[in-house]
Amino acid sequence: MATESLTAVRERLDRRQRIVRILSVLGILGVLVATAAMVTYLGFTLADIVRQLPHWLNFVGAFLKPDFVDLTDFTQNNGVGGLRAIVTTLTNPGTIVASIADAPVGSGSVLIPAAITTLIIGFSGTVIGFPLALLFGILGSERVTPFPFNFIFRGTMSSIRAVPALVWILVFIPLAGISPVSAVLAIATDTIGNLGRLFTDELEEIDEGPIEAIQSTGANRPQTVIYGMLSQVSNSFIAWTLYILEINTRIAISLGVVGAGGIGMYISLRLQRVSADQYARAAAGIIVVIIIVITVEMLSSRLRARLRPGEEQSQGFIDSLMNLADGDKWLGTGVDPDEK
Amino acid sequence: MAHVSVQNVTKVFGEDVVALDDVSFDVEDGEFLVLLGPSGAGKSTLLRLLNGLTTPTEGRIAIGDREVTGSRHDIAMVFQMHYLVEGMSAYRNALTGALGRTDTVQSALNWYHQDDKEVALEALETVGLLDFATQRAGSMSGGQQQRVGIARALTQAPQVLLADEPVASLDPKAAEDVMGYMKQAADDRDLTTLVSLHQVNIAREFGERFIGLRDGEVVFDGDKDDLTMEEVDRIYYGDGGADEAGLGIQQLAES
């Protein structure tokens with residue numbers, strides 16, 4: 001009896017395994033066929049890729065010899081190129097200051113001023129967006145604004161989040177032209193949605209106890225909100241703001257690519273001209289981007305680690321390097337509060 | 001400092017959960033009263049009503065000459081889990097006790113009156129934590145955090161001090177210390193104090209008068225001499241006592 005039962009179980013398990021295998025193969029085949037159909041619809045053909053491959057390899061090859069001739073006005077005007085430009089600039093730090101002072105804002109023609117412009121766009125956008133993010137974030141919490149009125153603010157933030165910064169800048173171009181100003185406004189708007197939502201979520205998770213304790217002292221409603229609620233999350237709020245600053249720096253680079261100035265614009269301008277010389281300069285721009293992003297990310301994550309010991313691990317160089325592949329952080333889309 | 005009057009107070013949660021049923025008693029100025037009773041007896045509900053954190057379904061509570069209708073800065077509360085803002089220093093936590101008499105804008109900017117700052121420092125000194133004034137509350141031990149909770153309550157310069165199982169989560173030594181500081185502060189300031197406690201030995205050590213609550217009703221009201229083990233037995237196990245519940249008085253005393 002027991003042997004029969006064991007055999008039956010074994011057969012059932014084998015049958016089940018066969019079905020799972022067949023379904024897995026069919027599933028993988030289905031996905032591959034669907035993908036092939038979709039890329040064909042998009043005009044992607046292997047023949048085209050093979051035909052363009054030599055040209056592309058030349059393009060990539062040019063990146064192996066980055067040319068920093070545009071690092072400062074001095075290196076640009078005196079034709080100091082290659083890696084020698086870095087040494088010349090480091091030994092003449094005055095040329096950095098002169099370059100920043102002289103470069104027209106948003107032109108994206110000289111590397112160091114362009115990098116500074118990008119950092120300023122990211123920082124200013126974050127600071128300008130912060131007050132409204134704080135206001136919407138607080139009012140969006142059910143702890144502060146009773147349901148369903150809090151959804152007015154939550155809904156506004158969700159709507160803002162649904163639109164990427166790359167689209168927001170198009171909204172602001174009629175107001176301020178294709179300029180760093182539009183980029184700042186786009187990032188500030190994006191910050192309201194993303195940072196505000198993080199603030200709201202943080203407030204939803206606070207302990208009820210300290211709120212009650214502050215209330216019991218005879219504090220009024222605004223005092224209870226400030227001392228019972230906001231004081232519980234102030235460090236987290238600063239940590240999230242630093243995180244958004246980190247993301248906004250990447251977005252500032254992306255917005256430069258569409259013409260808003262800064263390092264993104266520098267790279268975009270170089271890549272529009274088909275020559276190995278220009279590609280080498282673009283390569284220098286990309287290296288500067290990597291340096292900016294990793295520096296901001298490492299500083300931000302170390303500060304956050306100090307603010308929230310135990311919650312946020314300090315990020316090292318390798319982690320920062322791997323984060324360069326995170327597309328959402330470049331486009332200003334999908335800041336996921338669940339990342340917490 | 002103030003007379004407490006609880007008159008025919010009933011508190012019903014929802015439709016039919018009776019937490020307190022027609023409770024009446026008075027507490028004299030400067031009296032140190034301990035509330036005893038099993039979990040669910042209504043001790044916390046009574047203290048929350050006295051603090052104005054909730055309102056009675058029926059009856060009247062008055063402290064001093066005024067009826068309690070909401071939280072007031074002259075009624076202070078110490079909570080079991082201290083409920084400090086862990087990211088703030090002990091001093092800033094103590095200072096929040098002055099919020100009830102500080103303007104909203106001033107308090108938002110952290111601009112307290114000089115007098116209130118002095119009161120907060122004195123309160124920290126009272127609970128033996130002056131040297132820890134700048135330490136982050138979250139980094140303190142449970143006993144120290146509870147002492148900061150007492151300092152916050154004292155900074156309110158209250159007429160009445162309420163404490164809801166203030167030592168329930170502490171080890172015996174820390175519990176003894178915290179109760180010692182609280183009793184000393186109450187005696188020095190002649191504060192009317194109501195403390196709910198589970199530990200009968202600690203209650204007997206510090207209490208002057210005892211009220212036993214069971215199923216939302218007052219089943220005992222007396223002083224230390226009246227609080228025999230049989231009475232404790234009756235408060236916690238009902239008229240049948242611990243024997244009926246399968247426990248001997250000796251076991252109860254040990255527990």
# chains A, B, ... in the order shown; residues from 1 in each chain; ligands from 1
$ residues_around --residues "B:Asp239" --least-positions-apart "5" --cutoff "10 Å" --atoms "only C-alpha atoms" --output "VMD selection string"
chain B and resid 219 230 to 231 233 to 234 244
$ interface_residues --of "chain B" --to "chain A" --cutoff "7 Å" --atoms "only C-alpha atoms" --output "ChimeraX atom specification"
/B:51,53,71-73,76-77,83-85,87,97,99-100,104,108,156
$ write_last_selection --atoms "C-alpha atoms" --output "PDB file, in the first residue's frame"
ATOM      1  CA  ASN B  51      -5.179  64.417  31.689  1.00  0.00           C
ATOM      2  CA  LEU B  53      -6.579  63.160  26.502  1.00  0.00           C
ATOM      3  CA  SER B  71      -5.079  68.762  27.929  1.00  0.00           C
ATOM      4  CA  ARG B  72      -3.736  71.593  30.093  1.00  0.00           C
ATOM      5  CA  HIS B  73      -0.217  72.612  30.916  1.00  0.00           C
ATOM      6  CA  ALA B  76       1.399  66.653  33.593  1.00  0.00           C
ATOM      7  CA  MET B  77       1.636  63.043  32.518  1.00  0.00           C
ATOM      8  CA  TYR B  83       7.365  58.817  24.575  1.00  0.00           C
ATOM      9  CA  LEU B  84      10.328  61.113  24.155  1.00  0.00           C
ATOM     10  CA  VAL B  85      11.423  62.504  20.815  1.00  0.00           C
ATOM     11  CA  GLY B  87      16.362  62.564  18.092  1.00  0.00           C
ATOM     12  CA  GLY B  97       6.977  70.684  28.862  1.00  0.00           C
ATOM     13  CA  LEU B  99       4.992  74.381  25.158  1.00  0.00           C
ATOM     14  CA  GLY B 100       1.614  74.993  26.808  1.00  0.00           C
ATOM     15  CA  THR B 104       3.352  79.003  18.690  1.00  0.00           C
ATOM     16  CA  ALA B 108       8.502  76.796  16.304  1.00  0.00           C
ATOM     17  CA  GLN B 156       5.123  71.998  32.877  1.00  0.00           C
TER      18      GLN B 156
END
$ select_by_dssp --residues "stretch 101-191 of chain B" --states "alpha helix (DSSP H)" --output "PyMOL selection string"
chain B and resi 104-108+114-126+142-155+172-189
$ write_last_selection --atoms "C-alpha atoms" --output "short mmCIF file (atom, residue, chain, number, x, y, z; two decimals), in the first residue's frame"
data_model
loop_
_atom_site.label_atom_id
_atom_site.label_comp_id
_atom_site.auth_asym_id
_atom_site.auth_seq_id
_atom_site.Cartn_x
_atom_site.Cartn_y
_atom_site.Cartn_z
CA THR B 104 3.35 79.00 18.69
CA VAL B 105 5.80 81.01 16.56
CA GLN B 106 8.34 81.26 19.36
CA SER B 107 8.19 77.55 20.04
CA ALA B 108 8.50 76.80 16.30
CA GLN B 114 14.55 82.26 29.86
CA ASP B 115 12.46 81.31 32.91
CA ASP B 116 11.25 78.15 31.15
CA LYS B 117 14.82 77.20 30.26
CA GLU B 118 15.71 77.52 33.94
CA VAL B 119 12.71 75.40 34.93
CA ALA B 120 13.77 72.68 32.45
CA LEU B 121 17.33 72.65 33.80
CA GLU B 122 16.06 72.50 37.38
CA ALA B 123 13.77 69.62 36.39
CA LEU B 124 16.72 67.73 34.88
CA GLU B 125 18.68 68.41 38.07
CA THR B 126 15.77 67.06 40.14
CA GLY B 142 15.27 53.10 29.69
CA GLY B 143 15.53 54.42 33.25
CA GLN B 144 17.22 57.63 32.13
CA GLN B 145 14.61 58.16 29.41
CA GLN B 146 11.85 57.78 31.96
CA ARG B 147 13.59 60.33 34.18
CA VAL B 148 13.65 62.74 31.19
CA GLY B 149 9.92 62.03 30.87
CA ILE B 150 9.51 63.11 34.51
CA ALA B 151 11.65 66.22 33.84
CA ARG B 152 9.36 67.11 30.91
CA ALA B 153 6.35 66.73 33.20
CA LEU B 154 7.98 68.87 35.92
CA THR B 155 8.85 71.58 33.36
CA PRO B 172 13.87 46.53 39.54
CA LYS B 173 16.84 48.83 40.26
CA ALA B 174 15.88 51.38 37.57
CA ALA B 175 12.24 51.14 38.71
CA GLU B 176 13.25 51.94 42.28
CA ASP B 177 15.37 54.90 41.10
CA VAL B 178 12.64 56.34 38.88
CA MET B 179 10.00 56.06 41.60
CA GLY B 180 12.44 57.59 44.10
CA TYR B 181 13.01 60.63 41.88
CA MET B 182 9.29 60.98 41.21
CA LYS B 183 8.35 60.79 44.89
CA GLN B 184 11.08 63.26 45.83
CA ALA B 185 9.94 65.72 43.12
CA ALA B 186 6.33 65.36 44.23
CA ASP B 187 7.24 65.92 47.90
CA ASP B 188 9.51 68.91 47.14
CA ARG B 189 6.85 70.59 45.01
#
$ select_by_dssp --residues "stretch 12-247 of chain B" --states "strand (DSSP E or B)" --output "NGL selection string"
:B and (12-13 or 17-27 or 32-36 or 58-63 or 66-67 or 75-78 or 89 or 136 or 160-164 or 192-196 or 209-214 or 217-223)
$ atom_distance --atom1 "atom CA of A:Leu42" --atom2 "atom CA of A:Leu170"
25.0 Å
$ closest_residue --among "A:Leu111, A:Leu6, A:Ile28, A:Ile251" --to "A:Trp168" --atoms "only C-alpha atoms"
A:Ile251
$ closest_residue --among "A:Glu142, A:Asp70, A:Asp326, A:Asp190" --to "A:Glu202" --atoms "only C-alpha atoms"
A:Glu142
$ atom_distance --atom1 "atom CA of A:Ser24" --atom2 "atom CA of A:Tyr41"
25.6 Å
$ residues_around --residues "A:Ser182" --least-positions-apart "2" --cutoff "9 Å" --atoms "only C-alpha atoms" --output "list in words"
Trp168, Ile169, Leu170, Val171, Phe172, Ile173, Pro174, Leu175, Ala176, Gly177, Ile178, Ser179, Pro180, Val184, Leu185, Ala186, Ile187 and Ala260 of chain A
$ write_last_selection --atoms "C-alpha atoms" --output "CSV table (one decimal), in the first residue's frame"
chain,number,residue,atom,x,y,z
A,168,TRP,CA,8.6,69.5,-17.1
A,169,ILE,CA,11.4,71.5,-18.7
A,170,LEU,CA,9.3,71.6,-21.9
A,171,VAL,CA,6.5,73.1,-19.9
A,172,PHE,CA,8.9,75.8,-18.6
A,173,ILE,CA,10.7,76.6,-21.9
A,174,PRO,CA,7.9,79.1,-23.0
A,175,LEU,CA,8.5,80.9,-19.6
A,176,ALA,CA,12.3,81.0,-19.4
A,177,GLY,CA,13.6,79.7,-22.8
A,178,ILE,CA,15.9,76.7,-23.2
A,179,SER,CA,18.1,77.8,-20.4
A,180,PRO,CA,19.5,76.7,-16.9
A,184,VAL,CA,16.0,74.8,-12.2
A,185,LEU,CA,12.2,75.2,-12.4
A,186,ALA,CA,11.8,71.7,-13.8
A,187,ILE,CA,13.9,70.2,-11.1
A,260,ALA,CA,19.5,73.6,-20.7
$ residues_around --residues "A:Val80" --least-positions-apart "4" --cutoff "12 Å" --atoms "only C-alpha atoms" --output "ChimeraX atom specification"
/A:67-76,84-89
$ residues_around --residues "B:Asp221" --least-positions-apart "3" --cutoff "8 Å" --atoms "only C-alpha atoms" --output "ChimeraX atom specification"
/B:209-212,218
$ write_last_selection --atoms "C-alpha atoms" --output "short mmCIF file (atom, residue, chain, number, x, y, z; two decimals), in the first residue's frame"
data_model
loop_
_atom_site.label_atom_id
_atom_site.label_comp_id
_atom_site.auth_asym_id
_atom_site.auth_seq_id
_atom_site.Cartn_x
_atom_site.Cartn_y
_atom_site.Cartn_z
CA ARG B 209 -3.05 56.18 49.60
CA PHE B 210 -4.17 53.36 47.31
CA ILE B 211 -7.18 52.93 45.06
CA GLY B 212 -7.87 49.49 43.66
CA VAL B 218 -13.31 51.11 42.63
#
$ residues_around --residues "B:Ile75" --least-positions-apart "5" --cutoff "7 Å" --atoms "only C-alpha atoms" --output "mmCIF file with N, CA and C atoms, in the first residue's frame"
data_model
loop_
_atom_site.group_PDB
_atom_site.id
_atom_site.type_symbol
_atom_site.label_atom_id
_atom_site.label_comp_id
_atom_site.auth_asym_id
_atom_site.auth_seq_id
_atom_site.Cartn_x
_atom_site.Cartn_y
_atom_site.Cartn_z
ATOM 1 N N ASN B 51 -6.078 63.575 32.466
ATOM 2 C CA ASN B 51 -5.179 64.417 31.689
ATOM 3 C C ASN B 51 -5.903 65.161 30.560
ATOM 4 N N PRO B 158 3.415 71.667 36.884
ATOM 5 C CA PRO B 158 2.010 71.251 37.003
ATOM 6 C C PRO B 158 1.472 71.387 38.426
ATOM 7 N N GLN B 159 0.145 71.337 38.502
ATOM 8 C CA GLN B 159 -0.506 71.238 39.814
ATOM 9 C C GLN B 159 -0.696 69.774 40.168
ATOM 10 N N VAL B 160 -0.861 68.969 39.108
ATOM 11 C CA VAL B 160 -1.101 67.539 39.305
ATOM 12 C C VAL B 160 -0.164 66.748 38.413
ATOM 13 N N LEU B 161 0.436 65.706 38.980
ATOM 14 C CA LEU B 161 1.322 64.839 38.203
ATOM 15 C C LEU B 161 0.656 63.462 38.077
#
$ closest_residue --among "A:Ala305, A:Ser268, A:Gly262, A:Gly30" --to "A:Ala103" --atoms "only C-alpha atoms"
A:Gly262
